[in-house]
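Trainee: Just coords00.tsv, nothing more (TSV, C-alpha atoms):
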```
chain	number	residue	atom	x	y	z
G	809	MET	CA	22.43	10.96	-0.36
G	810	THR	CA	22.05	9.22	3.00
G	811	THR	CA	21.21	5.54	3.54
G	812	THR	CA	17.72	6.60	4.67
G	813	VAL	CA	17.07	8.41	1.41
G	814	TRP	CA	18.28	5.39	-0.61
G	815	ALA	CA	15.98	3.16	1.44
G	816	LEU	CA	13.09	5.55	0.75
G	817	LEU	CA	13.76	5.54	-2.98
G	818	ALA	CA	14.00	1.74	-2.98
G	819	ALA	CA	10.65	1.55	-1.17
G	820	VAL	CA	9.04	3.93	-3.69
G	821	TYR	CA	10.52	1.97	-6.63
G	822	VAL	CA	9.37	-1.45	-5.37
G	823	ALA	CA	5.92	-0.18	-4.31
G	824	CYS	CA	5.43	1.39	-7.73
G	825	ILE	CA	6.53	-1.83	-9.48
G	826	VAL	CA	3.79	-3.71	-7.58
G	827	GLU	CA	1.06	-1.17	-8.39
G	828	THR	CA	2.12	-0.83	-12.04
G	829	VAL	CA	2.08	-4.61	-12.54
G	830	GLU	CA	-1.52	-4.71	-11.29
G	831	ALA	CA	-2.63	-1.87	-13.60
G	832	THR	CA	-0.72	-3.32	-16.57
G	833	THR	CA	-2.54	-6.66	-16.27
G	834	VAL	CA	-5.92	-4.93	-16.69
G	835	VAL	CA	-4.70	-2.61	-19.47
G	836	LEU	CA	-3.27	-5.58	-21.41
G	837	ALA	CA	-6.54	-7.52	-21.11
G	838	MET	CA	-8.57	-4.49	-22.29
G	839	GLY	CA	-6.17	-3.65	-25.13
G	840	ILE	CA	-6.19	-7.20	-26.49
G	841	THR	CA	-9.96	-7.72	-26.29
G	842	ARG	CA	-11.49	-4.23	-26.67
G	843	GLY	CA	-8.89	-2.47	-28.86
G	844	TRP	CA	-5.89	-0.33	-28.02
G	845	ARG	CA	-7.29	3.10	-29.03
G	846	SER	CA	-9.92	3.42	-26.29
G	847	THR	CA	-7.76	1.55	-23.77
G	848	LEU	CA	-4.76	3.86	-24.24
G	849	LEU	CA	-7.04	6.90	-24.14
G	850	GLY	CA	-8.28	5.65	-20.76
G	851	VAL	CA	-4.66	5.31	-19.58
G	852	VAL	CA	-3.74	8.84	-20.75
G	853	THR	CA	-6.87	10.34	-19.09
G	854	ALA	CA	-6.04	8.59	-15.82
G	855	LEU	CA	-2.42	9.79	-15.93
G	856	ALA	CA	-3.58	13.40	-16.53
G	857	ALA	CA	-5.99	13.15	-13.55
G	858	LEU	CA	-3.19	11.70	-11.38
G	859	ALA	CA	-0.83	14.53	-12.37
G	860	ALA	CA	-3.48	17.07	-11.33
G	861	VAL	CA	-4.14	15.34	-7.99
G	862	THR	CA	-0.38	15.12	-7.27
G	863	SER	CA	0.22	18.81	-8.01
G	864	ILE	CA	-2.76	20.06	-6.00
G	865	GLY	CA	-2.25	17.57	-3.13
G	866	GLY	CA	1.50	18.20	-2.91
G	867	TYR	CA	1.07	21.99	-2.93
G	868	ALA	CA	-1.67	21.88	-0.28
G	869	LEU	CA	0.29	19.56	2.03
G	870	ILE	CA	3.51	21.60	1.78
G	871	HIS	CA	1.91	25.01	2.29
G	872	TRP	CA	-0.89	24.33	4.78
G	873	LEU	CA	0.60	22.01	7.38
G	874	PRO	CA	3.50	22.46	9.84
G	875	VAL	CA	6.22	19.77	9.55
G	876	SER	CA	5.14	17.86	12.67
G	877	ALA	CA	1.48	17.81	11.55
G	878	LEU	CA	2.61	16.52	8.16
G	879	GLN	CA	4.62	13.78	9.89
G	880	LEU	CA	1.64	12.85	12.09
G	881	VAL	CA	-0.96	12.68	9.29
G	882	ILE	CA	1.26	11.15	6.64
G	883	GLY	CA	3.05	8.81	9.04
G	884	GLY	CA	-0.27	7.67	10.50
G	885	LEU	CA	-1.69	6.89	7.06
G	886	LEU	CA	1.54	5.20	6.01
G	887	LEU	CA	1.47	3.05	9.15
G	888	ALA	CA	-2.18	2.05	8.62
G	889	PHE	CA	-1.37	1.30	4.97
G	890	GLY	CA	1.73	-0.75	5.90
G	891	LEU	CA	-0.11	-2.81	8.53
G	892	GLN	CA	-2.69	-3.83	5.91
G	893	TRP	CA	0.09	-4.94	3.52
G	894	ILE	CA	1.91	-6.90	6.26
G	895	ARG	CA	-1.37	-8.50	7.37
G	896	LYS	CA	-2.04	-9.74	3.81
G	897	ALA	CA	1.56	-10.95	3.48
G	898	VAL	CA	1.30	-12.83	6.79
G	899	TYR	CA	-1.99	-14.45	5.68
G	900	ARG	CA	-0.50	-15.39	2.29
G	901	SER	CA	2.73	-16.76	3.78
G	902	SER	CA	0.90	-18.77	6.40
G	903	GLY	CA	-1.37	-20.24	3.71
G	904	ARG	CA	-4.57	-18.60	5.00
G	905	LYS	CA	-5.03	-16.52	1.83
G	906	SER	CA	-4.32	-17.37	-1.81
G	907	LEU	CA	-1.33	-15.65	-3.39
G	908	HIS	CA	-2.00	-12.71	-5.72
G	909	ASP	CA	-1.93	-14.24	-9.21
G	910	GLU	CA	-1.67	-11.95	-12.27
G	911	ASP	CA	-2.44	-14.82	-14.71
G	912	GLU	CA	-5.73	-15.52	-12.96
G	913	ILE	CA	-6.65	-11.80	-12.84
G	914	PHE	CA	-5.77	-11.48	-16.54
G	915	SER	CA	-8.06	-14.42	-17.45
G	916	ARG	CA	-10.88	-12.91	-15.38
G	917	GLN	CA	-10.50	-9.52	-17.10
G	918	LEU	CA	-10.43	-11.17	-20.55
G	919	ALA	CA	-13.67	-13.03	-19.78
G	920	ALA	CA	-15.35	-9.84	-18.50
G	921	ALA	CA	-14.24	-7.91	-21.60
G	922	LYS	CA	-15.59	-10.60	-23.93
G	923	ASP	CA	-18.94	-10.63	-22.07
G	924	ALA	CA	-19.27	-6.84	-22.33
G	925	GLY	CA	-20.86	-6.93	-25.81
G	926	GLU	CA	-19.70	-5.84	-29.24
G	927	ARG	CA	-17.07	-3.20	-29.68
G	928	GLN	CA	-18.14	0.28	-30.84
G	929	PRO	CA	-15.87	2.66	-32.83
G	930	PHE	CA	-15.05	4.21	-29.45
G	931	ASP	CA	-15.19	1.43	-26.86
G	932	MET	CA	-16.51	2.91	-23.60
G	933	PHE	CA	-16.00	-0.35	-21.67
G	934	GLY	CA	-12.28	-0.58	-22.50
G	935	PHE	CA	-11.86	3.16	-21.82
G	936	MET	CA	-13.56	3.11	-18.41
G	937	VAL	CA	-11.97	-0.10	-17.16
G	938	SER	CA	-8.43	0.98	-18.11
G	939	LEU	CA	-9.03	4.52	-16.75
G	940	LYS	CA	-10.34	3.16	-13.45
G	941	SER	CA	-7.55	0.63	-13.08
G	942	VAL	CA	-4.73	3.07	-13.84
G	943	PHE	CA	-6.27	5.83	-11.70
G	944	LEU	CA	-6.92	3.65	-8.66
G	945	GLU	CA	-3.56	1.87	-8.72
G	946	GLY	CA	-1.90	5.20	-9.57
G	947	MET	CA	-3.46	6.86	-6.51
G	948	GLU	CA	-1.50	4.46	-4.31
G	949	VAL	CA	1.68	5.39	-6.20
G	950	VAL	CA	0.88	9.11	-5.78
G	951	PHE	CA	0.29	8.59	-2.05
G	952	ILE	CA	3.59	6.76	-1.60
G	953	VAL	CA	5.56	9.30	-3.67
G	954	LEU	CA	4.02	12.26	-1.81
G	955	THR	CA	4.48	10.78	1.66
G	956	PHE	CA	8.04	9.58	1.18
G	957	GLY	CA	9.00	12.60	-0.91
G	958	LEU	CA	7.55	15.21	1.45
G	959	ASN	CA	9.01	13.69	4.59
G	960	ALA	CA	12.47	13.28	3.12
G	961	HIS	CA	12.21	16.58	1.17
G	962	ARG	CA	12.94	14.53	-1.96
G	963	ILE	CA	9.79	14.79	-4.10
G	964	PRO	CA	11.73	14.98	-7.43
G	965	SER	CA	13.86	11.90	-6.51
G	966	ALA	CA	10.78	9.98	-5.33
G	967	SER	CA	8.96	10.90	-8.56
G	968	LEU	CA	11.94	9.70	-10.62
G	969	ALA	CA	12.00	6.39	-8.70
G	970	ALA	CA	8.27	5.97	-9.43
G	971	LEU	CA	8.77	6.84	-13.10
G	972	ALA	CA	11.66	4.35	-13.34
G	973	ALA	CA	9.38	1.65	-11.91
G	974	VAL	CA	6.61	2.43	-14.42
G	975	VAL	CA	9.09	2.39	-17.32
G	976	THR	CA	10.57	-0.93	-16.09
G	977	VAL	CA	7.16	-2.62	-15.97
G	978	VAL	CA	5.92	-1.16	-19.27
G	979	VAL	CA	9.11	-2.21	-21.11
G	980	ILE	CA	8.83	-5.77	-19.72
G	981	ALA	CA	5.10	-5.87	-20.61
G	982	VAL	CA	5.74	-4.65	-24.19
G	983	ILE	CA	8.46	-7.28	-24.66
G	984	ALA	CA	6.54	-10.12	-22.96
G	985	ARG	CA	3.06	-9.18	-24.30
G	986	ARG	CA	1.44	-11.16	-21.49
G	987	PRO	CA	0.59	-10.65	-17.80
G	988	LEU	CA	3.67	-10.14	-15.65
G	989	ALA	CA	3.22	-13.16	-13.42
G	990	MET	CA	7.00	-13.69	-13.38
G	991	ILE	CA	7.46	-10.62	-11.13
G	992	PRO	CA	7.47	-11.86	-7.50
G	993	GLU	CA	4.66	-9.48	-6.57
G	994	ASN	CA	3.71	-11.10	-3.26
G	995	THR	CA	7.28	-10.99	-1.97
G	996	LEU	CA	7.66	-7.38	-3.10
G	997	LYS	CA	4.41	-6.47	-1.34
G	998	TYR	CA	5.68	-8.05	1.88
G	999	GLY	CA	8.90	-6.03	1.70
G	1000	VAL	CA	7.07	-2.80	0.93
G	1001	GLY	CA	4.62	-3.45	3.78
G	1002	LEU	CA	7.52	-3.74	6.22
G	1003	MET	CA	9.06	-0.49	4.95
G	1004	LEU	CA	5.75	1.38	5.05
G	1005	ALA	CA	5.17	0.24	8.64
G	1006	ALA	CA	8.74	1.14	9.70
G	1007	PHE	CA	8.76	4.62	8.11
G	1008	GLY	CA	5.12	5.16	9.10
G	1009	SER	CA	5.79	4.41	12.79
G	1010	PHE	CA	8.88	6.61	12.75
G	1011	TRP	CA	7.13	9.65	11.25
G	1012	ALA	CA	3.75	9.26	12.96
G	1013	PHE	CA	5.25	9.16	16.48
G	1014	GLU	CA	7.68	11.97	15.60
G	1015	GLY	CA	4.68	14.01	14.48
G	1016	LEU	CA	3.01	13.77	17.91
G	1017	GLY	CA	5.17	16.80	18.71
G	1018	VAL	CA	2.50	18.90	16.96
G	1019	LEU	CA	0.58	18.74	20.25
G	1020	ARG	CA	3.20	20.61	22.29
G	1021	SER	CA	4.07	24.27	22.23
G	1022	GLY	CA	6.35	25.14	19.32
G	1023	HIS	CA	5.20	22.01	17.44
G	1024	VAL	CA	8.70	20.49	17.80
G	1025	SER	CA	8.81	16.90	16.53
G	1026	VAL	CA	9.29	14.11	19.11
G	1027	ALA	CA	12.87	12.75	18.88
G	1028	TRP	CA	13.62	9.05	18.45
G	1029	PRO	CA	16.66	7.64	20.29
G	1030	GLY	CA	19.36	7.12	17.63
G	1031	ALA	CA	17.49	9.42	15.18
G	1032	ASP	CA	17.25	7.84	11.69
G	1033	TRP	CA	18.88	4.59	12.88
G	1034	SER	CA	15.61	3.85	14.69
G	1035	ILE	CA	14.05	3.15	11.27
G	1036	LEU	CA	16.33	0.11	10.88
G	1037	VAL	CA	15.35	-1.14	14.35
G	1038	LEU	CA	11.66	-0.63	13.48
G	1039	LEU	CA	12.15	-2.50	10.20
G	1040	LEU	CA	13.72	-5.41	12.07
G	1041	ALA	CA	10.97	-5.35	14.72
G	1042	TRP	CA	8.20	-5.49	12.07
G	1043	PHE	CA	10.03	-8.26	10.21
G	1044	LEU	CA	10.39	-10.37	13.39
G	1045	ALA	CA	6.76	-9.72	14.39
G	1046	SER	CA	5.57	-10.80	10.94
G	1047	ARG	CA	7.67	-14.00	11.02
G	1048	VAL	CA	6.31	-14.88	14.46
G	1049	MET	CA	2.75	-14.30	13.25
G	1050	ILE	CA	3.32	-16.43	10.12
G	1051	ARG	CA	4.30	-19.30	12.44
G	1052	VAL	CA	1.41	-18.67	14.81
G	1053	LEU	CA	-1.20	-18.47	12.01
G	1054	ARG	CA	0.08	-21.38	9.92
G	1055	PRO	CA	-2.76	-23.95	9.90
G	1056	ALA	CA	-2.37	-27.73	9.99
G	1057	PRO	CA	-1.22	-29.02	6.52
G	1058	ALA	CA	-4.67	-30.49	5.74
G	1059	ASP	CA	-6.30	-27.04	6.10
G	1060	VAL	CA	-3.97	-25.16	3.72
G	1061	PRO	CA	-5.84	-23.92	0.60
G	1062	GLN	CA	-4.32	-24.77	-2.79
G	1063	SER	CA	-2.39	-21.79	-4.19
G	1064	THR	CA	-2.42	-21.06	-7.90
G	1065	ALA	CA	0.72	-18.93	-7.90
G	1066	ALA	CA	4.25	-20.03	-8.65
G	1067	PRO	CA	5.74	-22.12	-5.81
G	1068	SER	CA	8.92	-20.02	-5.97
G	1069	GLU	CA	6.91	-17.08	-4.71
G	1070	VAL	CA	5.88	-18.67	-1.43
G	1071	LEU	CA	7.45	-16.39	1.12
G	1072	SER	CA	8.74	-18.88	3.63
R	1136	MET	CA	-26.15	1.88	-13.72
R	1137	THR	CA	-24.09	3.93	-16.18
R	1138	ALA	CA	-20.34	3.53	-16.52
R	1139	LEU	CA	-19.85	6.96	-14.91
R	1140	THR	CA	-22.05	6.13	-11.89
R	1141	ARG	CA	-20.24	2.84	-11.49
R	1142	PHE	CA	-16.90	4.64	-11.65
R	1143	LEU	CA	-17.96	7.19	-8.99
R	1144	LYS	CA	-19.27	4.41	-6.72
R	1145	ASP	CA	-16.04	2.45	-7.15
R	1146	PHE	CA	-14.04	5.63	-6.53
R	1147	GLY	CA	-15.82	6.20	-3.18
R	1148	HIS	CA	-15.32	2.56	-2.26
R	1149	PHE	CA	-11.64	2.91	-3.16
R	1150	TRP	CA	-11.13	5.79	-0.72
R	1151	VAL	CA	-12.74	3.88	2.15
R	1152	GLU	CA	-10.63	0.83	1.33
R	1153	PHE	CA	-7.54	2.99	0.75
R	1154	LEU	CA	-7.71	4.78	4.11
R	1155	ILE	CA	-9.27	2.11	6.32
R	1156	GLY	CA	-8.42	-1.04	4.33
R	1157	ASP	CA	-10.27	-4.32	4.49
R	1158	ASP	CA	-9.74	-4.59	8.24
R	1159	TRP	CA	-11.02	-1.54	10.14
R	1160	LYS	CA	-9.48	-2.86	13.37
R	1161	LEU	CA	-5.95	-2.05	12.14
R	1162	PHE	CA	-6.98	1.52	11.31
R	1163	ALA	CA	-8.59	1.77	14.77
R	1164	LEU	CA	-5.34	0.45	16.29
R	1165	VAL	CA	-3.27	3.20	14.63
R	1166	VAL	CA	-5.74	5.91	15.74
R	1167	SER	CA	-5.81	4.53	19.32
R	1168	VAL	CA	-2.00	4.42	19.56
R	1169	LEU	CA	-1.76	8.00	18.28
R	1170	VAL	CA	-4.34	9.11	20.86
R	1171	VAL	CA	-2.31	7.43	23.65
R	1172	GLY	CA	0.88	9.00	22.29
R	1173	GLY	CA	-0.82	12.40	22.12
R	1174	LEU	CA	-1.90	12.11	25.75
R	1175	LEU	CA	1.66	11.20	26.80
R	1176	VAL	CA	3.11	14.18	24.91
R	1177	ALA	CA	0.47	16.49	26.40
R	1178	ALA	CA	1.37	15.17	29.87
R	1179	GLY	CA	5.01	16.13	29.28
R	1180	VAL	CA	6.39	12.58	29.21
R	1181	GLY	CA	9.92	12.28	27.72
R	1182	ASP	CA	10.38	11.68	23.97
R	1183	THR	CA	12.01	8.25	24.27
R	1184	THR	CA	9.22	6.93	26.50
R	1185	VAL	CA	6.59	8.29	24.09
R	1186	VAL	CA	8.02	6.70	20.92
R	1187	LEU	CA	8.92	3.38	22.57
R	1188	THR	CA	5.47	3.09	24.18
R	1189	CYS	CA	3.73	3.86	20.88
R	1190	ALA	CA	5.94	1.47	18.87
R	1191	GLY	CA	5.45	-1.31	21.45
R	1192	LEU	CA	1.69	-0.81	21.55
R	1193	THR	CA	1.47	-0.91	17.74
R	1194	LEU	CA	3.49	-4.14	17.48
R	1195	VAL	CA	1.60	-5.90	20.27
R	1196	GLY	CA	-1.75	-4.58	18.99
R	1197	PHE	CA	-1.02	-5.79	15.46
R	1198	CYS	CA	-0.12	-9.32	16.62
R	1199	ALA	CA	-3.14	-9.40	18.97
R	1200	GLU	CA	-5.45	-8.33	16.13
R	1201	LEU	CA	-4.25	-11.19	13.89
R	1202	VAL	CA	-4.71	-13.73	16.70
R	1203	LEU	CA	-8.16	-12.27	17.45
R	1204	ASP	CA	-9.14	-12.65	13.78
R	1205	LEU	CA	-7.94	-16.26	13.87
R	1206	ARG	CA	-10.08	-16.98	16.94
R	1207	LEU	CA	-13.13	-15.28	15.38
R	1208	GLU	CA	-12.64	-17.27	12.19
R	1209	ALA	CA	-12.38	-20.53	14.19
R	1210	ARG	CA	-15.57	-19.65	16.07
R	1211	ARG	CA	-17.43	-18.93	12.80
R	1212	ASP	CA	-16.20	-22.12	11.16
R	1213	PRO	CA	-15.24	-24.73	13.80
R	1214	HIS	CA	-14.30	-27.27	11.07
```
Is it possible to give me this structure as structure tokens?

Mentor:
Amino acid sequence: MTTTVWALLAAVYVACIVETVEATTVVLAMGITRGWRSTLLGVVTALAALAAVTSIGGYALIHWLPVSALQLVIGGLLLAFGLQWIRKAVYRSSGRKSLHDEDEIFSRQLAAAKDAGERQPFDMFGFMVSLKSVFLEGMEVVFIVLTFGLNAHRIPSASLAALAAVVTVVVIAVIARRPLAMIPENTLKYGVGLMLAAFGSFWAFEGLGVLRSGHVSVAWPGADWSILVLLLAWFLASRVMIRVLRPAPADVPQSTAAPSEVLS
Amino acid sequence: MTALTRFLKDFGHFWVEFLIGDDWKLFALVVSVLVVGGLLVAAGVGDTTVVLTCAGLTLVGFCAELVLDLRLEARRDPH
């Protein structure tokens, strides 16, 4: 496998770790307060729905679109997605936004579950909340796996990387039996945002070739090596913006997350 | 509101947030850059010029958007 493919798999793995941690926090809170039967049923239902969406979406994308159109659409979405992640990372690193804190989210979910009334034999609240959480976070995983997998023609490898991430998080959660606040989620999100923006720019602008006769993709100078240059460019731009946006010390909001996770 | 209605409403909200995000200006930036790139390709401009122009516009646009947000925030809350 090439360096680019390894970088893709690393991006899928890290992105899936982040999304799985977020879903696991909600599932843990529901399981503890509302019972594991309905919560796990919600998880299984969401996973079945995600499998269906992945199969149908993957088949449709592969068979209906020419390669350059696929690059344009998928790269464009990936770029838009990556810019949002970098923007949040820049705001968090500059102190303009509180860090994502799984402990706080867990406490909020516990309180909401306790306020939701008495448990029934089949607890609809626990079922719906866990289903929604796993499905919504899972959709982001599906999107990342499909986009990276389709563009690199490595859907099985991308799926395995995603599965490895899910297994990693679930094993840690089962052992720890508490929210996974120890995983440096904000830093991981920053790294994934940079990779999404780099790969997204590369593919989206390549895909502009769909507009010329023959639909031949636009070529980057240096081919795949351009991805590294794009990665570096997005990293430098984000560091500059962190400095530009950093407010005076008196204006910085108090963060509740671990100090070790501050990005700069 | 039933749990199912709430789920469907949240699902719709998710797709808007998923595709456009919480800052529509960044989505608009990507679309605008792709339109410019498309025009350059249609005009027969060379590949290197197309990709470098698009990449440069995206980087500059992203930084400008963050600075613009900062200015708007300062105007809304001068203290």

Trainee: Give me, as number ranges by chain, all polymer residues having an atom no more than 7 Å from region 1033-1044 of chain G, counting all atoms listed in the file and skipping those fewer than 6 positions away in the same chain.

Mentor: G: 1002-1003, 1006-1007, 1010

Trainee: Any idea what the distance is between CA of Leu1004 (chain G) and CA of Ala819 (chain G)?

Mentor: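 About the pair CA of Leu1004 (chain G) and CA of Ala819 (chain G): they are 7.9 Å apart.
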
Trainee: So how many Å separate CA of Asp1158 (chain R) and CA of Val950 (chain G), to one decimal?

Mentor: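 Computing the Euclidean distance for CA of Asp1158 (chain R) and CA of Val950 (chain G) yields 22.3 Å.
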
Trainee: Which chain R residues are at most 7 Å from chain G (counting all atoms listed in the file), as a PyMOL selection string?

Mentor: chain R and resi 1142+1156+1161-1162+1165+1172-1173+1176-1177+1182-1183+1186+1190+1198

Trainee: Closest to Leu1201 (chain R) among G:Ala897, G:Ala837, G:Val822, G:Ala973, using only C-alpha atoms?

Mentor: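 Of G:Ala897, G:Ala837, G:Val822, G:Ala973, the one nearest Leu1201 (chain R) is G:Ala897, counting only C-alpha atoms.
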
Trainee: Suppose you want the space between CA of Gly957 (chain G) and CA of Leu1164 (chain R); what is it in Å?

Mentor: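 Separation of CA of Gly957 (chain G) and CA of Leu1164 (chain R): 25.5 Å.
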
Trainee: Which of these, R:Val1202, R:Thr1193, R:Val1166, R:Thr1188, has the shortest distance to Leu1154 (chain R) once you count all atoms listed in the file?

Mentor: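 Using all atoms listed in the file, the shortest distance to Leu1154 (chain R) belongs to R:Val1166.
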
Trainee: For Val1000 (chain G), which residue among G:Ile952, G:Gly934, G:Leu836, G:Thr841 is the nearest when counting all atoms listed in the file?

Mentor: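 Closest candidate: G:Ile952.
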
Trainee: Select, from R:Asp1204, R:Gly1147, R:Phe1197, R:Ala1209, the residue with the minimum atom-to-atom distance to Ala1163 (chain R), counting only C-alpha atoms.

Mentor: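 Looking only at the distances to Ala1163 (chain R), the closest residue turns out to be R:Phe1197.
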
Trainee: Calculated over only C-alpha atoms, which of the candidates G:Arg842, G:Arg900, G:His1023, G:Lys997 has the smallest distance to Ser938 (chain G)?

Mentor: G:Arg842

Trainee: Please determine, counting all atoms listed in the file, which residue among G:Ala919, G:Val977, G:Ala856, G:Leu816 has the shortest atom-to-atom distance to Ile840 (chain G).

Mentor: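 Nearest candidate to Ile840 (chain G) out of G:Ala919, G:Val977, G:Ala856, G:Leu816: G:Ala919.
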
Trainee: I'd like the neighbourhood of Ala972 (chain G) as a list in words, where a residue qualifies if any of its atoms comes within 9 Å (using all atoms listed in the file), though same-chain residues fewer than 3 positions away should be ignored.

Mentor: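 The contact residues come out as Tyr821, Cys824, Ile825, Ser967, Leu968, Ala969, Val975, Thr976 and Val977 of chain G.
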
Trainee: Around the point (0.5, 22.9, 9.9) in the file's coordinates, collect all residues with an atom within 12 Å, using all atoms listed in the file, and return them as a ChimeraX atom specification.

Mentor: /G:868-881,1015,1017-1019,1022-1024

Trainee: Give the centre and edge lengths of an axis-aligned box, in Å to one decimal, that holds all listed atoms of region 1194-1205 of chain R with 5 Å on each side, as JSON.

Mentor:
```
{"center_x": -2.8, "center_y": -10.2, "center_z": 17.0, "size_x": 22.6, "size_y": 22.1, "size_z": 16.5}
```

Trainee: Mind filling out region 1191-1210 of chain R with N, CA and C atoms and sending it as a PDB file, in the coordinates of the input?

Mentor:
```pdb
ATOM      1  N   GLY R1191       5.777  -0.045  20.780  1.00  0.00           N
ATOM      2  CA  GLY R1191       5.450  -1.310  21.450  1.00  0.00           C
ATOM      3  C   GLY R1191       3.963  -1.616  21.360  1.00  0.00           C
ATOM      4  N   LEU R1192       3.138  -0.597  21.614  1.00  0.00           N
ATOM      5  CA  LEU R1192       1.690  -0.810  21.550  1.00  0.00           C
ATOM      6  C   LEU R1192       1.245  -1.215  20.143  1.00  0.00           C
ATOM      7  N   THR R1193       1.864  -0.593  19.127  1.00  0.00           N
ATOM      8  CA  THR R1193       1.470  -0.910  17.740  1.00  0.00           C
ATOM      9  C   THR R1193       1.838  -2.361  17.407  1.00  0.00           C
ATOM     10  N   LEU R1194       3.058  -2.763  17.777  1.00  0.00           N
ATOM     11  CA  LEU R1194       3.490  -4.140  17.480  1.00  0.00           C
ATOM     12  C   LEU R1194       2.621  -5.170  18.196  1.00  0.00           C
ATOM     13  N   VAL R1195       2.412  -4.943  19.488  1.00  0.00           N
ATOM     14  CA  VAL R1195       1.600  -5.900  20.270  1.00  0.00           C
ATOM     15  C   VAL R1195       0.160  -5.892  19.762  1.00  0.00           C
ATOM     16  N   GLY R1196      -0.372  -4.693  19.490  1.00  0.00           N
ATOM     17  CA  GLY R1196      -1.750  -4.580  18.990  1.00  0.00           C
ATOM     18  C   GLY R1196      -1.934  -5.288  17.665  1.00  0.00           C
ATOM     19  N   PHE R1197      -0.938  -5.147  16.780  1.00  0.00           N
ATOM     20  CA  PHE R1197      -1.020  -5.790  15.460  1.00  0.00           C
ATOM     21  C   PHE R1197      -1.075  -7.315  15.613  1.00  0.00           C
ATOM     22  N   CYS R1198      -0.161  -7.855  16.425  1.00  0.00           N
ATOM     23  CA  CYS R1198      -0.120  -9.320  16.620  1.00  0.00           C
ATOM     24  C   CYS R1198      -1.429  -9.789  17.281  1.00  0.00           C
ATOM     25  N   ALA R1199      -1.906  -9.021  18.271  1.00  0.00           N
ATOM     26  CA  ALA R1199      -3.140  -9.400  18.970  1.00  0.00           C
ATOM     27  C   ALA R1199      -4.320  -9.398  18.014  1.00  0.00           C
ATOM     28  N   GLU R1200      -4.335  -8.429  17.085  1.00  0.00           N
ATOM     29  CA  GLU R1200      -5.450  -8.330  16.130  1.00  0.00           C
ATOM     30  C   GLU R1200      -5.475  -9.556  15.220  1.00  0.00           C
ATOM     31  N   LEU R1201      -4.295 -10.011  14.763  1.00  0.00           N
ATOM     32  CA  LEU R1201      -4.250 -11.190  13.890  1.00  0.00           C
ATOM     33  C   LEU R1201      -4.720 -12.442  14.641  1.00  0.00           C
ATOM     34  N   VAL R1202      -4.291 -12.560  15.908  1.00  0.00           N
ATOM     35  CA  VAL R1202      -4.710 -13.730  16.700  1.00  0.00           C
ATOM     36  C   VAL R1202      -6.225 -13.661  16.952  1.00  0.00           C
ATOM     37  N   LEU R1203      -6.723 -12.451  17.224  1.00  0.00           N
ATOM     38  CA  LEU R1203      -8.160 -12.270  17.450  1.00  0.00           C
ATOM     39  C   LEU R1203      -8.949 -12.693  16.205  1.00  0.00           C
ATOM     40  N   ASP R1204      -8.476 -12.274  15.040  1.00  0.00           N
ATOM     41  CA  ASP R1204      -9.140 -12.650  13.780  1.00  0.00           C
ATOM     42  C   ASP R1204      -9.157 -14.171  13.609  1.00  0.00           C
ATOM     43  N   LEU R1205      -8.040 -14.802  13.981  1.00  0.00           N
ATOM     44  CA  LEU R1205      -7.940 -16.260  13.870  1.00  0.00           C
ATOM     45  C   LEU R1205      -8.978 -16.925  14.767  1.00  0.00           C
ATOM     46  N   ARG R1206      -9.102 -16.415  15.993  1.00  0.00           N
ATOM     47  CA  ARG R1206     -10.080 -16.980  16.940  1.00  0.00           C
ATOM     48  C   ARG R1206     -11.503 -16.787  16.428  1.00  0.00           C
ATOM     49  N   LEU R1207     -11.780 -15.564  15.894  1.00  0.00           N
ATOM     50  CA  LEU R1207     -13.130 -15.280  15.380  1.00  0.00           C
ATOM     51  C   LEU R1207     -13.462 -16.197  14.208  1.00  0.00           C
ATOM     52  N   GLU R1208     -12.448 -16.405  13.357  1.00  0.00           N
ATOM     53  CA  GLU R1208     -12.640 -17.270  12.190  1.00  0.00           C
ATOM     54  C   GLU R1208     -12.933 -18.713  12.658  1.00  0.00           C
ATOM     55  N   ALA R1209     -12.183 -19.168  13.669  1.00  0.00           N
ATOM     56  CA  ALA R1209     -12.380 -20.530  14.190  1.00  0.00           C
ATOM     57  C   ALA R1209     -13.768 -20.674  14.819  1.00  0.00           C
ATOM     58  N   ARG R1210     -14.251 -19.595  15.437  1.00  0.00           N
ATOM     59  CA  ARG R1210     -15.570 -19.650  16.070  1.00  0.00           C
ATOM     60  C   ARG R1210     -16.671 -19.714  15.007  1.00  0.00           C
TER      61      ARG R1210
END
```
